[in-house]
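Listing of upload-v3.cif; format and content: mmCIF, C-alpha atoms and all ligand atoms.
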```cif
data_start
loop_
_atom_site.label_atom_id
_atom_site.label_comp_id
_atom_site.auth_asym_id
_atom_site.auth_seq_id
_atom_site.Cartn_x
_atom_site.Cartn_y
_atom_site.Cartn_z
CA MET G 56 0.00 0.00 0.00
CA ASN G 57 1.32 3.49 -0.86
CA LYS G 58 1.91 5.65 2.16
CA THR G 59 0.02 8.93 2.44
CA LEU G 60 1.86 12.19 3.14
CA VAL G 61 0.78 11.92 6.81
CA GLN G 62 2.09 8.35 7.09
CA GLU G 63 5.40 9.39 5.42
CA GLN G 64 5.88 12.40 7.70
CA PHE G 65 4.88 10.77 10.97
CA GLY G 66 6.44 7.40 10.15
CA LYS G 67 9.85 9.10 9.90
CA THR G 68 9.42 11.14 13.08
CA ALA G 69 7.44 8.81 15.39
CA ALA G 70 10.17 8.66 18.06
CA HIS G 71 10.28 12.47 18.26
CA TYR G 72 6.59 12.64 19.23
CA LEU G 73 7.14 10.33 22.21
CA THR G 74 9.53 12.82 23.82
CA SER G 75 8.56 16.17 22.25
CA LYS G 76 7.80 18.60 25.12
CA PRO G 77 4.65 20.25 23.66
CA HIS G 78 3.16 16.77 23.16
CA ALA G 79 4.43 14.88 26.24
CA LEU G 80 4.10 17.74 28.75
CA GLY G 81 1.62 20.19 27.21
CA LYS G 82 -0.74 21.92 29.64
CA SER G 83 -3.78 20.75 27.65
CA LEU G 84 -3.20 17.15 28.85
CA GLU G 85 -4.00 17.91 32.50
CA ARG G 86 -6.81 20.30 31.48
CA LEU G 87 -8.52 17.49 29.54
CA VAL G 88 -8.61 15.28 32.64
CA GLU G 89 -9.81 18.12 34.89
CA LEU G 90 -12.57 19.12 32.51
CA THR G 91 -13.89 15.67 31.51
CA ARG G 92 -13.72 14.10 35.01
CA PRO G 93 -13.33 10.54 33.68
CA ALA G 94 -14.83 7.51 35.46
CA LYS G 95 -13.41 4.04 35.99
CA ASP G 96 -16.07 2.31 33.88
CA TRP G 97 -15.63 4.55 30.81
CA ARG G 98 -14.67 3.28 27.35
CA MET G 99 -12.54 5.89 25.69
CA LEU G 100 -11.21 6.41 22.17
CA ASP G 101 -8.16 8.55 21.41
CA VAL G 102 -8.16 9.50 17.73
CA ALA G 103 -4.78 10.25 16.07
CA THR G 104 -2.93 9.24 19.22
CA GLY G 105 0.55 10.02 17.85
CA GLY G 106 3.02 9.44 20.70
CA GLY G 107 0.06 8.27 22.84
CA HIS G 108 0.22 10.96 25.54
CA VAL G 109 -3.55 11.40 25.90
CA ALA G 110 -3.97 7.62 26.15
CA TYR G 111 -1.30 7.30 28.89
CA THR G 112 -2.74 10.26 30.81
CA PHE G 113 -6.31 8.91 30.83
CA ALA G 114 -5.56 5.18 31.20
CA PRO G 115 -5.41 5.22 35.05
CA HIS G 116 -8.80 7.00 35.18
CA VAL G 117 -10.93 4.88 32.79
CA GLY G 118 -11.80 1.25 32.06
CA ARG G 119 -10.55 0.88 28.48
CA VAL G 120 -8.58 3.16 26.15
CA TRP G 121 -8.41 2.58 22.42
CA ALA G 122 -5.35 4.47 21.11
CA THR G 123 -5.69 4.78 17.34
CA ASP G 124 -3.82 6.29 14.41
CA ILE G 125 -3.15 5.77 10.70
CA THR G 126 0.65 5.66 11.05
CA GLN G 127 1.83 2.14 11.84
CA GLU G 128 5.09 3.35 13.46
CA MET G 129 3.02 5.41 15.95
CA ILE G 130 0.68 2.50 16.70
CA ASP G 131 3.62 0.11 17.33
CA GLN G 132 5.38 2.66 19.51
CA VAL G 133 2.28 3.31 21.66
CA LYS G 134 1.69 -0.42 22.11
CA GLY G 135 5.27 -0.86 23.41
CA GLU G 136 5.21 2.27 25.56
CA ALA G 137 1.86 1.38 27.19
CA GLN G 138 3.29 -2.04 28.09
CA LYS G 139 6.43 -0.42 29.45
CA ARG G 140 4.30 1.87 31.62
CA GLY G 141 2.19 -1.06 32.86
CA LEU G 142 -1.03 0.35 31.34
CA ALA G 143 -2.82 -2.95 30.71
CA ASN G 144 -6.13 -1.31 29.67
CA VAL G 145 -4.67 0.39 26.55
CA ARG G 146 -5.45 -1.20 23.18
CA THR G 147 -4.09 0.03 19.86
CA THR G 148 -5.39 -0.22 16.32
CA TYR G 149 -5.35 1.45 12.92
CA ALA G 150 -8.21 3.93 12.57
CA LYS G 151 -8.69 6.78 10.13
CA ALA G 152 -10.41 9.70 11.87
CA GLU G 153 -12.89 10.02 9.01
CA ALA G 154 -13.88 6.30 9.06
CA LEU G 155 -13.65 4.97 12.61
CA PRO G 156 -13.76 1.15 12.80
CA PHE G 157 -16.02 1.09 15.87
CA GLU G 158 -19.70 0.45 16.51
CA ASP G 159 -22.31 3.17 16.93
CA ALA G 160 -22.73 4.53 20.48
CA SER G 161 -19.78 2.56 21.86
CA PHE G 162 -17.71 5.22 23.72
CA ASP G 163 -18.24 7.45 26.75
CA LEU G 164 -15.37 9.73 25.73
CA VAL G 165 -13.57 10.53 22.48
CA THR G 166 -10.36 12.56 22.66
CA CYS G 167 -8.34 14.07 19.87
CA ARG G 168 -5.37 16.36 20.52
CA ILE G 169 -3.12 18.35 18.16
CA ALA G 170 -4.11 16.36 15.07
CA PRO G 171 -7.21 17.56 13.14
CA HIS G 172 -5.15 20.10 11.17
CA HIS G 173 -3.81 17.03 9.32
CA PHE G 174 -7.21 15.47 8.56
CA ASP G 175 -8.65 15.29 5.03
CA SER G 176 -12.10 16.20 6.38
CA ILE G 177 -12.79 17.57 9.86
CA PRO G 178 -16.60 17.55 9.27
CA GLN G 179 -16.41 13.84 8.42
CA PHE G 180 -14.30 13.22 11.53
CA LEU G 181 -16.89 15.01 13.69
CA ALA G 182 -19.74 13.02 12.11
CA GLU G 183 -17.85 9.85 13.03
CA VAL G 184 -17.28 11.09 16.59
CA HIS G 185 -21.01 11.74 16.92
CA ARG G 186 -21.77 8.25 15.61
CA VAL G 187 -19.42 6.35 17.98
CA LEU G 188 -20.30 8.38 21.11
CA LYS G 189 -22.99 7.09 23.45
CA PRO G 190 -25.85 9.53 24.12
CA GLY G 191 -24.44 11.96 26.71
CA GLY G 192 -20.89 11.02 25.64
CA ILE G 193 -18.15 13.63 25.53
CA LEU G 194 -15.76 14.84 22.85
CA ALA G 195 -12.62 16.44 24.31
CA LEU G 196 -10.79 18.16 21.50
CA VAL G 197 -7.57 20.14 21.28
CA ASP G 198 -6.01 21.49 18.13
CA ASN G 199 -3.76 24.33 17.12
CA VAL G 200 -5.91 27.34 16.25
CA VAL G 201 -5.06 30.53 14.33
CA PRO G 202 -6.50 34.05 14.10
CA ALA G 203 -8.88 34.65 11.18
CA GLY G 204 -7.59 36.25 7.96
CA PRO G 205 -4.06 36.88 6.65
CA ILE G 206 -2.27 36.33 9.99
CA GLY G 207 -3.82 32.88 10.32
CA ASP G 208 -3.00 32.15 6.67
CA TYR G 209 0.62 33.11 7.32
CA ILE G 210 0.89 30.88 10.43
CA ASN G 211 -0.56 27.97 8.47
CA ALA G 212 1.91 28.54 5.61
CA PHE G 213 4.79 28.68 8.14
CA GLU G 214 3.68 25.39 9.73
CA ARG G 215 3.06 23.75 6.34
CA LEU G 216 6.57 24.61 5.13
CA ARG G 217 7.99 22.67 8.07
CA ASP G 218 5.46 19.82 7.73
CA PRO G 219 3.64 19.45 4.39
CA SER G 220 1.06 17.18 6.05
CA HIS G 221 -0.16 20.21 8.06
CA LEU G 222 -3.24 21.04 5.99
CA ARG G 223 -4.81 23.91 7.92
CA ALA G 224 -5.31 24.88 11.55
CA TRP G 225 -8.79 26.32 12.00
CA THR G 226 -10.00 29.41 13.88
CA MET G 227 -12.03 29.09 17.11
CA ASP G 228 -15.10 30.30 15.15
CA GLU G 229 -14.71 27.56 12.55
CA TRP G 230 -14.55 24.94 15.32
CA ARG G 231 -17.63 26.33 17.06
CA ASP G 232 -19.61 26.21 13.80
CA ALA G 233 -18.44 22.71 12.88
CA LEU G 234 -19.21 21.28 16.33
CA LYS G 235 -22.68 22.81 16.23
CA HIS G 236 -23.25 21.38 12.77
CA ALA G 237 -22.17 17.92 14.04
CA ARG G 238 -24.72 18.20 16.88
CA LEU G 239 -22.00 18.26 19.54
CA ALA G 240 -22.96 20.88 22.14
CA VAL G 241 -19.99 22.88 23.42
CA GLY G 242 -20.02 23.14 27.22
CA HIS G 243 -16.56 24.63 27.61
CA GLU G 244 -13.89 26.22 25.46
CA GLU G 245 -10.56 27.87 26.11
CA GLN G 246 -7.33 28.85 24.41
CA ILE G 247 -3.94 27.75 25.69
CA PHE G 248 -0.74 29.40 24.46
CA LYS G 249 2.32 27.22 24.18
CA GLN G 250 5.93 28.23 23.81
CA MET G 251 7.73 26.33 21.07
CA GLU G 252 11.51 25.80 20.96
CA PHE G 253 12.59 26.51 17.40
CA LYS G 254 15.62 24.18 17.67
CA SER G 255 13.51 21.15 18.52
CA TRP G 256 10.62 22.12 16.19
CA ALA G 257 12.95 22.44 13.15
CA GLN G 258 15.43 19.71 14.10
CA ARG G 259 14.54 17.42 11.20
CA TYR G 260 15.88 19.90 8.62
CA ASP G 261 19.23 20.96 7.14
CA ASP G 262 20.72 24.44 7.65
CA THR G 263 19.16 25.95 4.49
CA MET G 264 15.64 24.98 5.49
CA LYS G 265 16.24 26.03 9.09
CA ALA G 266 17.36 29.46 7.85
CA LEU G 267 14.20 29.79 5.75
CA LEU G 268 11.93 28.82 8.66
CA ARG G 269 13.83 31.18 10.96
CA ALA G 270 13.39 34.04 8.47
CA MET G 271 9.65 33.31 8.24
CA LEU G 272 9.51 33.65 11.99
CA THR G 273 11.65 36.73 12.52
CA GLN G 274 11.45 38.85 9.35
CA VAL G 275 7.73 39.51 9.53
CA THR G 276 5.16 42.29 9.82
CA PRO G 277 4.37 43.62 13.33
CA ASP G 278 0.97 41.83 13.26
CA VAL G 279 2.49 38.42 12.60
CA LYS G 280 5.28 39.14 15.07
CA ALA G 281 2.70 39.92 17.76
CA ALA G 282 0.93 36.59 17.05
CA LEU G 283 4.01 34.34 16.87
CA ASP G 284 5.98 36.32 19.48
CA PRO G 285 9.50 35.19 18.45
CA LYS G 286 12.04 35.63 21.27
CA GLY G 287 15.70 34.88 21.81
CA GLY G 288 18.65 34.43 19.47
CA ASP G 289 20.28 31.75 17.35
CA GLY G 290 20.60 29.04 20.01
CA ASP G 291 17.47 29.70 22.06
CA LEU G 292 14.86 31.08 19.64
CA THR G 293 11.28 30.44 20.78
CA PHE G 294 7.86 31.32 19.36
CA ARG G 295 4.25 30.96 20.39
CA LEU G 296 1.40 28.84 19.05
CA CYS G 297 -2.14 28.63 20.37
CA GLU G 298 -4.27 25.56 21.12
CA GLY G 299 -8.07 25.67 21.13
CA LEU G 300 -9.70 23.27 23.62
CA PHE G 301 -13.36 22.27 23.37
CA ILE G 302 -15.46 19.99 25.57
CA ALA G 303 -18.64 19.05 23.71
CA LYS G 304 -21.47 16.62 24.43
CA LYS G 305 -23.67 14.42 22.26
CA ALA G 306 -27.30 15.02 23.27
C1 LIG M 401 0.97 15.53 16.22
S1 LIG M 401 0.49 13.87 16.17
C2 LIG M 401 -0.74 13.73 17.43
C3 LIG M 401 -0.34 14.09 18.81
C4 LIG M 401 -1.02 13.34 19.91
N1 LIG M 401 -2.46 13.24 19.75
C5 LIG M 401 -0.69 13.96 21.28
O1 LIG M 401 -1.59 14.44 21.97
O2 LIG M 401 0.51 13.96 21.64
C6 LIG M 401 -0.60 13.77 14.77
C7 LIG M 401 -1.03 12.35 14.49
O3 LIG M 401 -2.19 12.40 13.66
C8 LIG M 401 -2.18 11.23 12.87
N2 LIG M 401 -3.15 11.44 11.78
C9 LIG M 401 -3.08 12.35 10.79
N3 LIG M 401 -4.15 12.26 9.99
C10 LIG M 401 -4.94 11.28 10.51
C11 LIG M 401 -6.22 10.75 10.15
N4 LIG M 401 -6.89 11.19 9.09
N5 LIG M 401 -6.73 9.77 10.93
C12 LIG M 401 -6.05 9.31 12.02
N6 LIG M 401 -4.85 9.77 12.38
C13 LIG M 401 -4.29 10.75 11.66
C14 LIG M 401 -0.73 11.12 12.46
O4 LIG M 401 -0.40 9.82 12.01
C15 LIG M 401 -0.02 11.51 13.74
O5 LIG M 401 0.32 10.38 14.51
#
```
Translate this file's structure into structure tokens.
Amino acid sequence: MNKTLVQEQFGKTAAHYLTSKPHALGKSLERLVELTRPAKDWRMLDVATGGGHVAYTFAPHVGRVWATDITQEMIDQVKGEAQKRGLANVRTTYAKAEALPFEDASFDLVTCRIAPHHFDSIPQFLAEVHRVLKPGGILALVDNVVPAGPIGDYINAFERLRDPSHLRAWTMDEWRDALKHARLAVGHEEQIFKQMEFKSWAQRYDDTMKALLRAMLTQVTPDVKAALDPKGGDGDLTFRLCEGLFIAKKA
């Protein structure tokens, strides 16, 4: 089978996502647990699990966690890591967000963190979430979000240059509309800013590409500069991205 762009990108970098600070330690992980208040008898599905951090965080609080992804290297890694951590209730399988291989009304909680900006169709993903959630079930969603208009377009272009499988991060308004359309009622939303280390973020590239990404970050209009907030010099350059977090319920 030919690999998709996502499978190519994430297959090559799977190990990075296990240790990457914004993924392994991001503030949104603890917020998801606080806000969803998971119970021991819950069946939970983590869509696009990547390095598996949401699955590991929730596993002690729920009955069963299905950690799913379309990149085999990620799935294998999460299986091994869950075993290493003694998390016996974690199961892994291949699942495309837009065609989940699970029965209707079979989960109490669906999570998805820092991934929908890679999906072919977010509306189709949300329709699938609605289908697999039990009545009263919860979607806990986190994804990078951007301001509307040219600043958001610029941030998406910057992210896409570094990772061509980054299709488009949405605005908070777009998420609100799409969740409403999918009949998932938003009970809570917030934005979380995260500081990114340029060195780690761009580590997969050679010096030419790093210089281009650095220029896109530092030689910018005041509006973009205010949004990305680049700080520091050559060795310790940082910038800022924003995550949108939504807790939504199926009626
Ligand atoms: C940045 S990683 C996810 C991070 C992870 N959820 C976390 O919280 O640390 C993005 C993941 O999305 C997966 N992915 C991309 N498109 C997908 C799709 N359509 N269906 C399922 N997984 C997908 C990739 O394979 C990759 O593992």
Please return as a PyMOL selection string the residues found within 9 Å of ligand LIG 401 (chain M), counting all atoms listed in the file. chain G and resi 61-66+69+72-73+75+77-81+83-84+101-110+123-130+149-155+166-177+180+197+220-221
Using the selection just defined, write its residues with C-alpha atoms as an mmCIF file, in the frame of the given file.
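After the write, again09.cif holds the following:
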```cif
data_model
loop_
_atom_site.group_PDB
_atom_site.id
_atom_site.type_symbol
_atom_site.label_atom_id
_atom_site.label_comp_id
_atom_site.auth_asym_id
_atom_site.auth_seq_id
_atom_site.Cartn_x
_atom_site.Cartn_y
_atom_site.Cartn_z
ATOM 1 C CA VAL G 61 0.780 11.920 6.810
ATOM 2 C CA GLN G 62 2.090 8.350 7.090
ATOM 3 C CA GLU G 63 5.400 9.390 5.420
ATOM 4 C CA GLN G 64 5.880 12.400 7.700
ATOM 5 C CA PHE G 65 4.880 10.770 10.970
ATOM 6 C CA GLY G 66 6.440 7.400 10.150
ATOM 7 C CA ALA G 69 7.440 8.810 15.390
ATOM 8 C CA TYR G 72 6.590 12.640 19.230
ATOM 9 C CA LEU G 73 7.140 10.330 22.210
ATOM 10 C CA SER G 75 8.560 16.170 22.250
ATOM 11 C CA PRO G 77 4.650 20.250 23.660
ATOM 12 C CA HIS G 78 3.160 16.770 23.160
ATOM 13 C CA ALA G 79 4.430 14.880 26.240
ATOM 14 C CA LEU G 80 4.100 17.740 28.750
ATOM 15 C CA GLY G 81 1.620 20.190 27.210
ATOM 16 C CA SER G 83 -3.780 20.750 27.650
ATOM 17 C CA LEU G 84 -3.200 17.150 28.850
ATOM 18 C CA ASP G 101 -8.160 8.550 21.410
ATOM 19 C CA VAL G 102 -8.160 9.500 17.730
ATOM 20 C CA ALA G 103 -4.780 10.250 16.070
ATOM 21 C CA THR G 104 -2.930 9.240 19.220
ATOM 22 C CA GLY G 105 0.550 10.020 17.850
ATOM 23 C CA GLY G 106 3.020 9.440 20.700
ATOM 24 C CA GLY G 107 0.060 8.270 22.840
ATOM 25 C CA HIS G 108 0.220 10.960 25.540
ATOM 26 C CA VAL G 109 -3.550 11.400 25.900
ATOM 27 C CA ALA G 110 -3.970 7.620 26.150
ATOM 28 C CA THR G 123 -5.690 4.780 17.340
ATOM 29 C CA ASP G 124 -3.820 6.290 14.410
ATOM 30 C CA ILE G 125 -3.150 5.770 10.700
ATOM 31 C CA THR G 126 0.650 5.660 11.050
ATOM 32 C CA GLN G 127 1.830 2.140 11.840
ATOM 33 C CA GLU G 128 5.090 3.350 13.460
ATOM 34 C CA MET G 129 3.020 5.410 15.950
ATOM 35 C CA ILE G 130 0.680 2.500 16.700
ATOM 36 C CA TYR G 149 -5.350 1.450 12.920
ATOM 37 C CA ALA G 150 -8.210 3.930 12.570
ATOM 38 C CA LYS G 151 -8.690 6.780 10.130
ATOM 39 C CA ALA G 152 -10.410 9.700 11.870
ATOM 40 C CA GLU G 153 -12.890 10.020 9.010
ATOM 41 C CA ALA G 154 -13.880 6.300 9.060
ATOM 42 C CA LEU G 155 -13.650 4.970 12.610
ATOM 43 C CA THR G 166 -10.360 12.560 22.660
ATOM 44 C CA CYS G 167 -8.340 14.070 19.870
ATOM 45 C CA ARG G 168 -5.370 16.360 20.520
ATOM 46 C CA ILE G 169 -3.120 18.350 18.160
ATOM 47 C CA ALA G 170 -4.110 16.360 15.070
ATOM 48 C CA PRO G 171 -7.210 17.560 13.140
ATOM 49 C CA HIS G 172 -5.150 20.100 11.170
ATOM 50 C CA HIS G 173 -3.810 17.030 9.320
ATOM 51 C CA PHE G 174 -7.210 15.470 8.560
ATOM 52 C CA ASP G 175 -8.650 15.290 5.030
ATOM 53 C CA SER G 176 -12.100 16.200 6.380
ATOM 54 C CA ILE G 177 -12.790 17.570 9.860
ATOM 55 C CA PHE G 180 -14.300 13.220 11.530
ATOM 56 C CA VAL G 197 -7.570 20.140 21.280
ATOM 57 C CA SER G 220 1.060 17.180 6.050
ATOM 58 C CA HIS G 221 -0.160 20.210 8.060
#
```
Distance in Å - atom CA of G:Leu142 versus atom CA of G:Val187: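 Spanning atom CA of G:Leu142 to atom CA of G:Val187 is a straight-line distance of 23.5 Å.
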As lines of an AutoDock Vina configuration file, what would the box around stretch 92-107 of chain G look like: edges along x, y and z, 5 Å added on every side, centre and edge lengths in Å to one decimal?
```
center_x = -6.5
center_y = 8.2
center_z = 26.0
size_x = 29.1
size_y = 21.8
size_z = 29.9
```
If I put a ball of radius 12 Å at (12.9, 31.6, 21.6) in the file's coordinates, which residues poke into it when counting all atoms listed in the file, written as a PyMOL selection string? chain G and resi 249-256+269+272-273+283-295
Select all residues near (-29.5, 9.4, 24.7) (cut-off 10 Å, inclusive, file coordinates), counting only C-alpha atoms, and output them as a ChimeraX atom specification. /G:160,188-192,305-306
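The shortest atom-to-atom distance to G:Asp261, with all atoms listed in the file taken into account, belongs to G:Arg217 out of G:Pro277, G:Glu244, G:Thr59, G:Arg217.
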What is the atom CA of G:Arg259-atom CA of G:Thr112 distance in Å, reported with one decimal?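 Separation between atom CA of G:Arg259 and atom CA of G:Thr112: 27.1 Å.
Closest approach to G:Leu60 among G:Ala195, G:Leu222, G:Cys297, G:Ala233: G:Leu222, based on all atoms listed in the file.
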